[in-house]
$ cat final-v2.txt   # compact mmCIF, N, CA, C and O atoms
# COMPACT_ATOMS: atom_id res chain seq x y z
N MET A 17 -19.47 -12.46 -12.59
CA MET A 17 -18.58 -11.31 -12.60
C MET A 17 -18.51 -10.73 -11.19
O MET A 17 -19.51 -10.59 -10.51
N GLY A 18 -17.30 -10.39 -10.73
CA GLY A 18 -17.10 -9.88 -9.38
C GLY A 18 -17.53 -8.43 -9.21
O GLY A 18 -17.75 -7.72 -10.19
N LYS A 19 -17.65 -8.04 -7.98
CA LYS A 19 -18.03 -6.67 -7.65
C LYS A 19 -16.92 -5.71 -8.06
O LYS A 19 -15.75 -5.97 -7.87
N GLN A 20 -17.32 -4.60 -8.65
CA GLN A 20 -16.37 -3.57 -9.04
C GLN A 20 -16.10 -2.63 -7.87
O GLN A 20 -16.96 -2.42 -7.03
N LEU A 21 -14.93 -2.06 -7.87
CA LEU A 21 -14.51 -1.15 -6.81
C LEU A 21 -14.76 0.28 -7.26
O LEU A 21 -14.29 0.69 -8.32
N ALA A 22 -15.51 1.03 -6.47
CA ALA A 22 -15.79 2.43 -6.79
C ALA A 22 -14.50 3.25 -6.65
O ALA A 22 -13.60 2.89 -5.87
N ASP A 23 -14.40 4.35 -7.41
CA ASP A 23 -13.21 5.20 -7.36
C ASP A 23 -12.90 5.67 -5.95
O ASP A 23 -11.74 5.71 -5.54
N GLU A 24 -13.93 6.02 -5.21
CA GLU A 24 -13.74 6.51 -3.83
C GLU A 24 -13.13 5.42 -2.94
O GLU A 24 -12.24 5.70 -2.14
N GLU A 25 -13.60 4.19 -3.10
CA GLU A 25 -13.07 3.08 -2.31
C GLU A 25 -11.64 2.76 -2.73
O GLU A 25 -10.79 2.45 -1.90
N TYR A 26 -11.36 2.83 -4.04
CA TYR A 26 -10.01 2.58 -4.54
C TYR A 26 -9.04 3.58 -3.92
O TYR A 26 -7.97 3.20 -3.43
N LYS A 27 -9.42 4.85 -3.92
CA LYS A 27 -8.56 5.89 -3.35
C LYS A 27 -8.36 5.68 -1.86
O LYS A 27 -7.27 5.91 -1.33
N LYS A 28 -9.41 5.24 -1.17
CA LYS A 28 -9.32 4.99 0.27
C LYS A 28 -8.29 3.89 0.56
O LYS A 28 -7.46 4.02 1.46
N ILE A 29 -8.34 2.80 -0.21
CA ILE A 29 -7.39 1.71 -0.03
C ILE A 29 -5.99 2.18 -0.35
O ILE A 29 -5.03 1.91 0.38
N ARG A 30 -5.85 2.90 -1.45
CA ARG A 30 -4.55 3.40 -1.89
C ARG A 30 -3.89 4.28 -0.82
O ARG A 30 -2.73 4.07 -0.46
N ILE A 31 -4.64 5.22 -0.28
CA ILE A 31 -4.11 6.11 0.75
C ILE A 31 -3.81 5.33 2.03
O ILE A 31 -2.80 5.58 2.69
N THR A 32 -4.66 4.37 2.37
CA THR A 32 -4.43 3.56 3.57
C THR A 32 -3.12 2.80 3.46
O THR A 32 -2.32 2.78 4.41
N VAL A 33 -2.86 2.18 2.32
CA VAL A 33 -1.62 1.42 2.11
C VAL A 33 -0.42 2.36 2.22
O VAL A 33 0.53 2.07 2.96
N LEU A 34 -0.46 3.47 1.51
CA LEU A 34 0.66 4.42 1.55
C LEU A 34 0.86 4.99 2.95
O LEU A 34 1.99 5.11 3.43
N ARG A 35 -0.23 5.31 3.62
CA ARG A 35 -0.15 5.90 4.96
C ARG A 35 0.46 4.92 5.97
O ARG A 35 1.26 5.29 6.81
N LYS A 36 0.06 3.65 5.88
CA LYS A 36 0.60 2.65 6.81
C LYS A 36 2.10 2.48 6.59
O LYS A 36 2.87 2.39 7.56
N LEU A 37 2.53 2.42 5.35
CA LEU A 37 3.94 2.30 5.05
C LEU A 37 4.71 3.53 5.53
O LEU A 37 5.78 3.43 6.12
N TYR A 38 4.14 4.70 5.28
CA TYR A 38 4.80 5.96 5.65
C TYR A 38 4.89 6.10 7.17
O TYR A 38 5.93 6.47 7.71
N ALA A 39 3.81 5.79 7.87
CA ALA A 39 3.78 5.91 9.32
C ALA A 39 4.79 4.97 9.98
O ALA A 39 5.39 5.30 11.01
N LYS A 40 4.99 3.81 9.41
CA LYS A 40 5.95 2.83 9.94
C LYS A 40 7.38 3.21 9.59
O LYS A 40 8.33 2.70 10.16
N GLY A 41 7.54 4.13 8.63
CA GLY A 41 8.88 4.47 8.17
C GLY A 41 9.46 3.36 7.32
O GLY A 41 10.64 3.05 7.40
N ALA A 42 8.60 2.73 6.53
CA ALA A 42 8.99 1.57 5.72
C ALA A 42 9.71 2.01 4.45
O ALA A 42 9.17 1.98 3.35
N TRP A 43 10.95 2.42 4.62
CA TRP A 43 11.83 2.78 3.50
C TRP A 43 13.05 1.86 3.64
O TRP A 43 13.50 1.58 4.74
N GLY A 44 13.60 1.41 2.56
CA GLY A 44 14.82 0.60 2.64
C GLY A 44 14.59 -0.74 3.32
O GLY A 44 13.79 -1.54 2.89
N LYS A 45 15.29 -0.97 4.43
CA LYS A 45 15.21 -2.27 5.10
C LYS A 45 13.94 -2.46 5.92
O LYS A 45 13.55 -3.58 6.22
N SER A 46 13.30 -1.40 6.34
CA SER A 46 12.05 -1.51 7.08
C SER A 46 10.95 -1.91 6.10
O SER A 46 10.96 -1.50 4.95
N HIS A 47 9.99 -2.70 6.56
CA HIS A 47 8.94 -3.20 5.66
C HIS A 47 7.68 -3.52 6.46
O HIS A 47 7.69 -3.54 7.68
N ILE A 48 6.59 -3.76 5.72
CA ILE A 48 5.31 -4.16 6.31
C ILE A 48 4.79 -5.39 5.57
O ILE A 48 4.88 -5.47 4.34
N LEU A 49 4.24 -6.31 6.32
CA LEU A 49 3.65 -7.51 5.72
C LEU A 49 2.31 -7.18 5.07
O LEU A 49 1.58 -6.29 5.52
N PHE A 50 1.99 -7.93 4.03
CA PHE A 50 0.74 -7.71 3.28
C PHE A 50 -0.48 -7.69 4.19
O PHE A 50 -1.36 -6.84 4.05
N GLU A 51 -0.56 -8.60 5.14
CA GLU A 51 -1.74 -8.72 6.00
C GLU A 51 -2.01 -7.44 6.80
O GLU A 51 -3.14 -7.14 7.16
N ARG A 52 -0.97 -6.68 7.09
CA ARG A 52 -1.11 -5.44 7.87
C ARG A 52 -1.90 -4.37 7.11
O ARG A 52 -2.50 -3.50 7.72
N PHE A 53 -1.89 -4.43 5.79
CA PHE A 53 -2.62 -3.44 5.01
C PHE A 53 -4.13 -3.59 5.18
O PHE A 53 -4.87 -2.63 5.06
N GLN A 54 -4.57 -4.79 5.47
CA GLN A 54 -6.00 -5.04 5.62
C GLN A 54 -6.52 -4.65 7.00
O GLN A 54 -7.71 -4.39 7.15
N SER A 55 -5.66 -4.62 8.00
CA SER A 55 -6.13 -4.32 9.35
C SER A 55 -6.66 -2.90 9.44
O SER A 55 -6.08 -1.96 8.88
N GLY A 56 -7.77 -2.75 10.11
CA GLY A 56 -8.40 -1.45 10.26
C GLY A 56 -9.23 -1.01 9.07
O GLY A 56 -9.79 0.07 9.05
N MET A 57 -9.32 -1.85 8.06
CA MET A 57 -10.07 -1.54 6.86
C MET A 57 -11.39 -2.33 6.88
O MET A 57 -11.43 -3.43 7.41
N PRO A 58 -12.46 -1.76 6.33
CA PRO A 58 -13.71 -2.52 6.29
C PRO A 58 -13.52 -3.87 5.58
O PRO A 58 -12.83 -3.95 4.56
N SER A 59 -14.10 -4.92 6.13
CA SER A 59 -13.87 -6.26 5.62
C SER A 59 -14.32 -6.45 4.16
O SER A 59 -13.76 -7.27 3.45
N HIS A 60 -15.30 -5.68 3.71
CA HIS A 60 -15.75 -5.84 2.33
C HIS A 60 -14.71 -5.32 1.32
O HIS A 60 -14.83 -5.56 0.12
N LEU A 61 -13.67 -4.63 1.80
CA LEU A 61 -12.62 -4.12 0.91
C LEU A 61 -11.37 -5.00 0.90
O LEU A 61 -10.47 -4.79 0.10
N TYR A 62 -11.30 -6.00 1.79
CA TYR A 62 -10.12 -6.86 1.90
C TYR A 62 -9.69 -7.44 0.56
O TYR A 62 -8.52 -7.47 0.24
N GLY A 63 -10.64 -7.92 -0.21
CA GLY A 63 -10.33 -8.58 -1.46
C GLY A 63 -9.72 -7.68 -2.52
O GLY A 63 -9.16 -8.15 -3.50
N PHE A 64 -9.82 -6.37 -2.34
CA PHE A 64 -9.31 -5.43 -3.33
C PHE A 64 -7.91 -4.90 -3.01
O PHE A 64 -7.29 -4.25 -3.85
N VAL A 65 -7.42 -5.18 -1.82
CA VAL A 65 -6.12 -4.66 -1.40
C VAL A 65 -5.00 -5.13 -2.32
O VAL A 65 -4.14 -4.34 -2.71
N ALA A 66 -5.00 -6.39 -2.69
CA ALA A 66 -3.93 -6.93 -3.55
C ALA A 66 -3.88 -6.21 -4.90
O ALA A 66 -2.79 -5.91 -5.40
N GLY A 67 -5.03 -5.91 -5.47
CA GLY A 67 -5.07 -5.21 -6.75
C GLY A 67 -4.55 -3.80 -6.66
O GLY A 67 -3.80 -3.34 -7.53
N VAL A 68 -4.93 -3.10 -5.60
CA VAL A 68 -4.46 -1.72 -5.40
C VAL A 68 -2.95 -1.73 -5.15
O VAL A 68 -2.21 -0.91 -5.70
N LEU A 69 -2.49 -2.67 -4.33
CA LEU A 69 -1.06 -2.79 -4.06
C LEU A 69 -0.29 -3.09 -5.35
O LEU A 69 0.78 -2.51 -5.59
N SER A 70 -0.84 -3.92 -6.19
CA SER A 70 -0.22 -4.23 -7.48
C SER A 70 -0.08 -2.96 -8.34
O SER A 70 0.95 -2.74 -8.97
N ASP A 71 -1.11 -2.13 -8.34
CA ASP A 71 -1.05 -0.86 -9.08
C ASP A 71 0.03 0.05 -8.53
O ASP A 71 0.76 0.70 -9.29
N LEU A 72 0.15 0.12 -7.20
CA LEU A 72 1.18 0.96 -6.58
C LEU A 72 2.58 0.46 -6.93
O LEU A 72 3.50 1.27 -7.12
N ILE A 73 2.74 -0.85 -7.05
CA ILE A 73 4.04 -1.42 -7.45
C ILE A 73 4.33 -1.06 -8.90
O ILE A 73 5.45 -0.66 -9.24
N LYS A 74 3.33 -1.19 -9.77
CA LYS A 74 3.51 -0.85 -11.19
C LYS A 74 3.89 0.61 -11.36
O LYS A 74 4.66 0.96 -12.25
N GLU A 75 3.33 1.48 -10.51
CA GLU A 75 3.64 2.92 -10.56
C GLU A 75 5.01 3.22 -9.96
O GLU A 75 5.51 4.34 -10.09
N GLY A 76 5.59 2.27 -9.27
CA GLY A 76 6.90 2.46 -8.68
C GLY A 76 6.90 3.15 -7.33
O GLY A 76 7.95 3.54 -6.83
N LEU A 77 5.73 3.31 -6.72
CA LEU A 77 5.65 3.96 -5.41
C LEU A 77 5.94 2.97 -4.28
O LEU A 77 6.49 3.35 -3.24
N VAL A 78 5.57 1.73 -4.48
CA VAL A 78 5.79 0.67 -3.49
C VAL A 78 6.67 -0.40 -4.14
O VAL A 78 6.55 -0.67 -5.34
N VAL A 79 7.55 -0.99 -3.34
CA VAL A 79 8.48 -2.01 -3.82
C VAL A 79 8.26 -3.29 -3.02
O VAL A 79 8.07 -3.23 -1.80
N PHE A 80 8.29 -4.42 -3.72
CA PHE A 80 8.22 -5.71 -3.05
C PHE A 80 9.54 -5.94 -2.33
O PHE A 80 10.60 -6.00 -2.96
N TYR A 81 9.50 -6.03 -1.02
CA TYR A 81 10.70 -6.22 -0.19
C TYR A 81 11.22 -7.65 -0.32
O TYR A 81 12.39 -7.89 -0.45
N GLY A 82 10.28 -8.59 -0.25
CA GLY A 82 10.65 -10.00 -0.36
C GLY A 82 9.76 -10.87 0.51
O GLY A 82 8.88 -10.38 1.21
N LYS A 83 10.03 -12.15 0.45
CA LYS A 83 9.28 -13.09 1.28
C LYS A 83 9.99 -13.20 2.62
O LYS A 83 11.21 -13.33 2.67
N THR A 84 9.22 -13.15 3.70
CA THR A 84 9.78 -13.32 5.03
C THR A 84 9.19 -14.59 5.62
O THR A 84 8.36 -15.25 4.98
N LEU A 85 9.57 -14.90 6.81
CA LEU A 85 9.00 -16.08 7.48
C LEU A 85 7.50 -15.93 7.70
O LEU A 85 6.77 -16.92 7.82
N HIS A 86 7.02 -14.70 7.74
CA HIS A 86 5.62 -14.43 8.06
C HIS A 86 4.77 -14.06 6.85
O HIS A 86 3.57 -13.87 6.99
N GLY A 87 5.39 -13.92 5.69
CA GLY A 87 4.63 -13.59 4.49
C GLY A 87 5.34 -12.58 3.62
O GLY A 87 6.49 -12.21 3.88
N ASP A 88 4.66 -12.10 2.59
CA ASP A 88 5.23 -11.12 1.67
C ASP A 88 5.31 -9.76 2.34
O ASP A 88 4.37 -9.33 3.01
N ALA A 89 6.43 -9.06 2.09
CA ALA A 89 6.65 -7.76 2.71
C ALA A 89 6.90 -6.70 1.64
O ALA A 89 7.41 -6.99 0.56
N TYR A 90 6.54 -5.46 1.98
CA TYR A 90 6.64 -4.33 1.04
C TYR A 90 7.20 -3.11 1.75
O TYR A 90 7.06 -2.97 2.96
N HIS A 91 7.81 -2.21 0.96
CA HIS A 91 8.25 -0.93 1.50
C HIS A 91 8.11 0.15 0.43
O HIS A 91 7.86 -0.15 -0.74
N LEU A 92 8.24 1.40 0.84
CA LEU A 92 8.11 2.52 -0.08
C LEU A 92 9.40 2.71 -0.88
O LEU A 92 10.48 2.41 -0.39
N ASN A 93 9.24 3.25 -2.07
CA ASN A 93 10.38 3.54 -2.94
C ASN A 93 10.96 4.90 -2.54
O ASN A 93 10.34 5.93 -2.78
N ILE A 94 12.14 4.90 -1.94
CA ILE A 94 12.74 6.13 -1.43
C ILE A 94 12.99 7.15 -2.54
O ILE A 94 12.91 8.35 -2.30
N SER A 95 13.23 6.69 -3.75
CA SER A 95 13.47 7.64 -4.85
C SER A 95 12.19 8.35 -5.29
O SER A 95 12.26 9.32 -6.05
N ARG A 96 11.04 7.90 -4.81
CA ARG A 96 9.76 8.55 -5.14
C ARG A 96 9.15 9.22 -3.91
O ARG A 96 7.95 9.47 -3.86
N LYS A 97 9.98 9.53 -2.90
CA LYS A 97 9.51 10.07 -1.63
C LYS A 97 8.70 11.35 -1.81
O LYS A 97 7.64 11.51 -1.21
N THR A 98 9.17 12.28 -2.63
CA THR A 98 8.47 13.55 -2.85
C THR A 98 7.07 13.31 -3.40
O THR A 98 6.10 13.91 -2.93
N GLU A 99 6.96 12.43 -4.37
CA GLU A 99 5.67 12.12 -4.99
C GLU A 99 4.72 11.46 -3.98
O GLU A 99 3.53 11.77 -3.93
N ILE A 100 5.25 10.56 -3.16
CA ILE A 100 4.45 9.88 -2.13
C ILE A 100 3.94 10.88 -1.11
O ILE A 100 2.75 10.89 -0.77
N GLU A 101 4.81 11.76 -0.63
CA GLU A 101 4.40 12.77 0.35
C GLU A 101 3.37 13.74 -0.23
O GLU A 101 2.44 14.14 0.45
N LYS A 102 3.53 14.08 -1.48
CA LYS A 102 2.56 14.97 -2.15
C LYS A 102 1.18 14.32 -2.18
O LYS A 102 0.17 14.97 -1.91
N GLU A 103 1.14 13.03 -2.49
CA GLU A 103 -0.15 12.32 -2.55
C GLU A 103 -0.78 12.21 -1.15
O GLU A 103 -1.98 12.33 -0.99
N LEU A 104 0.04 11.99 -0.14
CA LEU A 104 -0.47 11.81 1.22
C LEU A 104 -0.89 13.11 1.88
O LEU A 104 -1.84 13.14 2.66
N PHE A 105 -0.18 14.19 1.61
CA PHE A 105 -0.38 15.41 2.38
C PHE A 105 -0.97 16.58 1.60
O PHE A 105 -0.98 17.69 2.10
N SER A 106 -1.47 16.35 0.41
CA SER A 106 -2.09 17.46 -0.33
C SER A 106 -3.56 17.22 -0.56
O SER A 106 -4.12 16.23 -0.26

$ encode --input "final-v2.txt" --output "structure tokens"
Amino acid sequence: MGKQLADEEYKKIRITVLRKLYAKGAWGKSHILFERFQSGMPSHLYGFVAGVLSDLIKEGLVVFYGKTLHGDAYHLNISRKTEIEKELFS
């Protein structure tokens, strides 16, 4: 059985993903590759990024942009901007 992710670590990954997308202005046509979410994060958390990103997609906060030449890309859901900003800045 694999290592479980503590709530505090889950929240850290979640905020990191949202913050990176927000800082880049990844709305609409702008996007970020999956690998970028792992940069700057402790290496022991790398394996959990995909799961957290999947949860954000299910919640409708993040949208799969598509496959690019360099890998899978994602952007924020502009219709959920208020909710995203509330989570990031409160």

$ closest_residue --input "final-v2.txt" --among "A:Leu21, A:Val78, A:Leu92, A:Ala42" --to "Leu61 (chain A)" --atoms "only C-alpha atoms"
A:Leu21

$ residues_around --input "final-v2.txt" --residues "region 79-87 of chain A" --least-positions-apart "6" --cutoff "8 Å" --atoms "only N, CA, C and O atoms" --output "PyMOL selection string"
chain A and resi 42+44-51+69+72-73+93-94

$ atom_distance --input "final-v2.txt" --atom1 "atom O of Gly41 (chain A)" --atom2 "CA of Tyr90 (chain A)"
10.5 Å

$ select_by_dssp --input "final-v2.txt" --residues "chain A" --states "strand (DSSP E or B)" --output "PyMOL selection string"
chain A and resi 43+48-49+78-84+87-92

$ closest_residue --input "final-v2.txt" --among "A:Trp43, A:Thr98, A:Ala89, A:Val65" --to "Lys28 (chain A)" --atoms "only C-alpha atoms"
A:Val65

$ select_by_dssp --input "final-v2.txt" --residues "chain A" --states "helix (DSSP H, G or I)" --output "count of residues only"
51

$ axis_aligned_box --input "final-v2.txt" --around "region 71-82 of chain A" --padding-each-side "5 Å" --output "AutoDock Vina command-line options"
--center_x 5.6 --center_y -3.3 --center_z -5.5 --size_x 23.5 --size_y 25.2 --size_z 23.5

$ residues_around --input "final-v2.txt" --residues "Tyr26 (chain A)" --least-positions-apart "6" --cutoff "8 Å" --atoms "only N, CA, C and O atoms" --output "list in words"
Thr32, Val33, Phe64 and Val68 of chain A

$ atom_distance --input "final-v2.txt" --atom1 "atom N of Asp71 (chain A)" --atom2 "CA of Arg30 (chain A)"
9.2 Å

$ atom_distance --input "final-v2.txt" --atom1 "atom O of Glu103 (chain A)" --atom2 "atom C of Leu37 (chain A)"
12.8 Å

$ closest_residue --input "final-v2.txt" --among "A:Arg52, A:Ser70, A:His60, A:Glu75" --to "Asp88 (chain A)" --atoms "all atoms listed in the file"
A:Arg52

$ closest_residue --input "final-v2.txt" --among "A:Ile29, A:Ile100, A:Ala22, A:Leu77" --to "Pro58 (chain A)" --atoms "only C-alpha atoms"
A:Ile29

$ residues_near_point --input "final-v2.txt" --point "(0.1, 10.6, 2.4)" --cutoff "7 Å" --atoms "all atoms listed in the file" --output "JSON, numbers by chain"
{"A": [31, 34, 35, 100, 101, 102, 103, 104, 105, 106]}

$ decode --input "final-v2.txt" --residues "region 24-35 of chain A" --atoms "all heavy atoms" --output "PDB file, in the first residue's frame"
ATOM      1  N   GLU A  24      -2.429  18.532   5.247  1.00  0.00           N
ATOM      2  CA  GLU A  24      -1.597  19.734   5.108  1.00  0.00           C
ATOM      3  C   GLU A  24      -0.800  19.700   3.797  1.00  0.00           C
ATOM      4  O   GLU A  24      -0.697  20.710   3.100  1.00  0.00           O
ATOM      5  CB  GLU A  24      -0.644  19.837   6.302  1.00  0.00           C
ATOM      6  CG  GLU A  24       0.197  21.094   6.318  1.00  0.00           C
ATOM      7  CD  GLU A  24       1.090  21.148   7.539  1.00  0.00           C
ATOM      8  OE1 GLU A  24       0.584  20.970   8.667  1.00  0.00           O
ATOM      9  OE2 GLU A  24       2.299  21.379   7.351  1.00  0.00           O
ATOM     10  N   GLU A  25      -0.263  18.537   3.456  1.00  0.00           N
ATOM     11  CA  GLU A  25       0.494  18.400   2.210  1.00  0.00           C
ATOM     12  C   GLU A  25      -0.426  18.506   0.998  1.00  0.00           C
ATOM     13  O   GLU A  25      -0.063  19.099  -0.009  1.00  0.00           O
ATOM     14  CB  GLU A  25       1.253  17.066   2.197  1.00  0.00           C
ATOM     15  CG  GLU A  25       2.382  17.019   3.203  1.00  0.00           C
ATOM     16  CD  GLU A  25       3.021  15.646   3.300  1.00  0.00           C
ATOM     17  OE1 GLU A  25       2.291  14.631   3.153  1.00  0.00           O
ATOM     18  OE2 GLU A  25       4.236  15.586   3.513  1.00  0.00           O
ATOM     19  N   TYR A  26      -1.629  17.932   1.101  1.00  0.00           N
ATOM     20  CA  TYR A  26      -2.605  18.018   0.018  1.00  0.00           C
ATOM     21  C   TYR A  26      -2.931  19.486  -0.272  1.00  0.00           C
ATOM     22  O   TYR A  26      -2.926  19.920  -1.423  1.00  0.00           O
ATOM     23  CB  TYR A  26      -3.881  17.254   0.398  1.00  0.00           C
ATOM     24  CG  TYR A  26      -4.956  17.312  -0.657  1.00  0.00           C
ATOM     25  CD1 TYR A  26      -4.999  16.376  -1.676  1.00  0.00           C
ATOM     26  CD2 TYR A  26      -5.916  18.319  -0.640  1.00  0.00           C
ATOM     27  CE1 TYR A  26      -5.987  16.423  -2.654  1.00  0.00           C
ATOM     28  CE2 TYR A  26      -6.896  18.381  -1.613  1.00  0.00           C
ATOM     29  CZ  TYR A  26      -6.923  17.434  -2.613  1.00  0.00           C
ATOM     30  OH  TYR A  26      -7.887  17.494  -3.586  1.00  0.00           O
ATOM     31  N   LYS A  27      -3.197  20.242   0.785  1.00  0.00           N
ATOM     32  CA  LYS A  27      -3.523  21.662   0.625  1.00  0.00           C
ATOM     33  C   LYS A  27      -2.351  22.434   0.036  1.00  0.00           C
ATOM     34  O   LYS A  27      -2.540  23.337  -0.782  1.00  0.00           O
ATOM     35  CB  LYS A  27      -3.939  22.274   1.967  1.00  0.00           C
ATOM     36  CG  LYS A  27      -5.289  21.792   2.432  1.00  0.00           C
ATOM     37  CD  LYS A  27      -5.634  22.330   3.800  1.00  0.00           C
ATOM     38  CE  LYS A  27      -6.919  21.698   4.308  1.00  0.00           C
ATOM     39  NZ  LYS A  27      -7.211  22.041   5.687  1.00  0.00           N
ATOM     40  N   LYS A  28      -1.134  22.078   0.441  1.00  0.00           N
ATOM     41  CA  LYS A  28       0.060  22.744  -0.084  1.00  0.00           C
ATOM     42  C   LYS A  28       0.178  22.525  -1.596  1.00  0.00           C
ATOM     43  O   LYS A  28       0.443  23.466  -2.347  1.00  0.00           O
ATOM     44  CB  LYS A  28       1.306  22.214   0.626  1.00  0.00           C
ATOM     45  CG  LYS A  28       2.589  22.849   0.167  1.00  0.00           C
ATOM     46  CD  LYS A  28       3.784  22.322   0.939  1.00  0.00           C
ATOM     47  CE  LYS A  28       5.048  23.009   0.484  1.00  0.00           C
ATOM     48  NZ  LYS A  28       6.195  22.644   1.287  1.00  0.00           N
ATOM     49  N   ILE A  29      -0.030  21.295  -2.046  1.00  0.00           N
ATOM     50  CA  ILE A  29       0.038  20.993  -3.476  1.00  0.00           C
ATOM     51  C   ILE A  29      -1.079  21.721  -4.212  1.00  0.00           C
ATOM     52  O   ILE A  29      -0.862  22.327  -5.266  1.00  0.00           O
ATOM     53  CB  ILE A  29      -0.048  19.471  -3.733  1.00  0.00           C
ATOM     54  CG1 ILE A  29       1.174  18.766  -3.144  1.00  0.00           C
ATOM     55  CG2 ILE A  29      -0.166  19.179  -5.227  1.00  0.00           C
ATOM     56  CD1 ILE A  29       1.068  17.256  -3.144  1.00  0.00           C
ATOM     57  N   ARG A  30      -2.269  21.676  -3.656  1.00  0.00           N
ATOM     58  CA  ARG A  30      -3.437  22.321  -4.269  1.00  0.00           C
ATOM     59  C   ARG A  30      -3.207  23.821  -4.481  1.00  0.00           C
ATOM     60  O   ARG A  30      -3.411  24.344  -5.576  1.00  0.00           O
ATOM     61  CB  ARG A  30      -4.654  22.083  -3.376  1.00  0.00           C
ATOM     62  CG  ARG A  30      -5.940  22.663  -3.885  1.00  0.00           C
ATOM     63  CD  ARG A  30      -7.059  22.368  -2.885  1.00  0.00           C
ATOM     64  NE  ARG A  30      -8.263  23.043  -3.246  1.00  0.00           N
ATOM     65  CZ  ARG A  30      -9.244  22.510  -3.961  1.00  0.00           C
ATOM     66  NH1 ARG A  30      -9.144  21.261  -4.379  1.00  0.00           N
ATOM     67  NH2 ARG A  30     -10.316  23.203  -4.258  1.00  0.00           N
ATOM     68  N   ILE A  31      -2.743  24.495  -3.448  1.00  0.00           N
ATOM     69  CA  ILE A  31      -2.487  25.937  -3.540  1.00  0.00           C
ATOM     70  C   ILE A  31      -1.340  26.215  -4.503  1.00  0.00           C
ATOM     71  O   ILE A  31      -1.387  27.180  -5.273  1.00  0.00           O
ATOM     72  CB  ILE A  31      -2.202  26.523  -2.136  1.00  0.00           C
ATOM     73  CG1 ILE A  31      -3.471  26.462  -1.273  1.00  0.00           C
ATOM     74  CG2 ILE A  31      -1.686  27.943  -2.227  1.00  0.00           C
ATOM     75  CD1 ILE A  31      -4.656  27.229  -1.810  1.00  0.00           C
ATOM     76  N   THR A  32      -0.312  25.374  -4.496  1.00  0.00           N
ATOM     77  CA  THR A  32       0.819  25.555  -5.407  1.00  0.00           C
ATOM     78  C   THR A  32       0.361  25.477  -6.857  1.00  0.00           C
ATOM     79  O   THR A  32       0.736  26.317  -7.680  1.00  0.00           O
ATOM     80  CB  THR A  32       1.915  24.510  -5.134  1.00  0.00           C
ATOM     81  OG1 THR A  32       2.390  24.679  -3.796  1.00  0.00           O
ATOM     82  CG2 THR A  32       3.072  24.647  -6.105  1.00  0.00           C
ATOM     83  N   VAL A  33      -0.466  24.492  -7.182  1.00  0.00           N
ATOM     84  CA  VAL A  33      -0.966  24.335  -8.553  1.00  0.00           C
ATOM     85  C   VAL A  33      -1.797  25.557  -8.950  1.00  0.00           C
ATOM     86  O   VAL A  33      -1.571  26.154 -10.007  1.00  0.00           O
ATOM     87  CB  VAL A  33      -1.792  23.029  -8.699  1.00  0.00           C
ATOM     88  CG1 VAL A  33      -2.547  22.999 -10.017  1.00  0.00           C
ATOM     89  CG2 VAL A  33      -0.895  21.817  -8.562  1.00  0.00           C
ATOM     90  N   LEU A  34      -2.735  25.943  -8.094  1.00  0.00           N
ATOM     91  CA  LEU A  34      -3.580  27.101  -8.407  1.00  0.00           C
ATOM     92  C   LEU A  34      -2.756  28.378  -8.512  1.00  0.00           C
ATOM     93  O   LEU A  34      -2.967  29.198  -9.413  1.00  0.00           O
ATOM     94  CB  LEU A  34      -4.671  27.264  -7.353  1.00  0.00           C
ATOM     95  CG  LEU A  34      -5.763  26.200  -7.338  1.00  0.00           C
ATOM     96  CD1 LEU A  34      -6.696  26.399  -6.151  1.00  0.00           C
ATOM     97  CD2 LEU A  34      -6.548  26.195  -8.643  1.00  0.00           C
ATOM     98  N   ARG A  35      -1.801  28.552  -7.617  1.00  0.00           N
ATOM     99  CA  ARG A  35      -0.974  29.760  -7.606  1.00  0.00           C
ATOM    100  C   ARG A  35      -0.121  29.865  -8.874  1.00  0.00           C
ATOM    101  O   ARG A  35       0.025  30.938  -9.448  1.00  0.00           O
ATOM    102  CB  ARG A  35      -0.104  29.784  -6.354  1.00  0.00           C
ATOM    103  CG  ARG A  35       0.562  31.124  -6.114  1.00  0.00           C
ATOM    104  CD  ARG A  35       1.205  31.201  -4.752  1.00  0.00           C
ATOM    105  NE  ARG A  35       0.157  31.432  -3.756  1.00  0.00           N
ATOM    106  CZ  ARG A  35       0.122  30.897  -2.552  1.00  0.00           C
ATOM    107  NH1 ARG A  35       1.080  30.092  -2.160  1.00  0.00           N
ATOM    108  NH2 ARG A  35      -0.856  31.168  -1.717  1.00  0.00           N
TER     109      ARG A  35
END
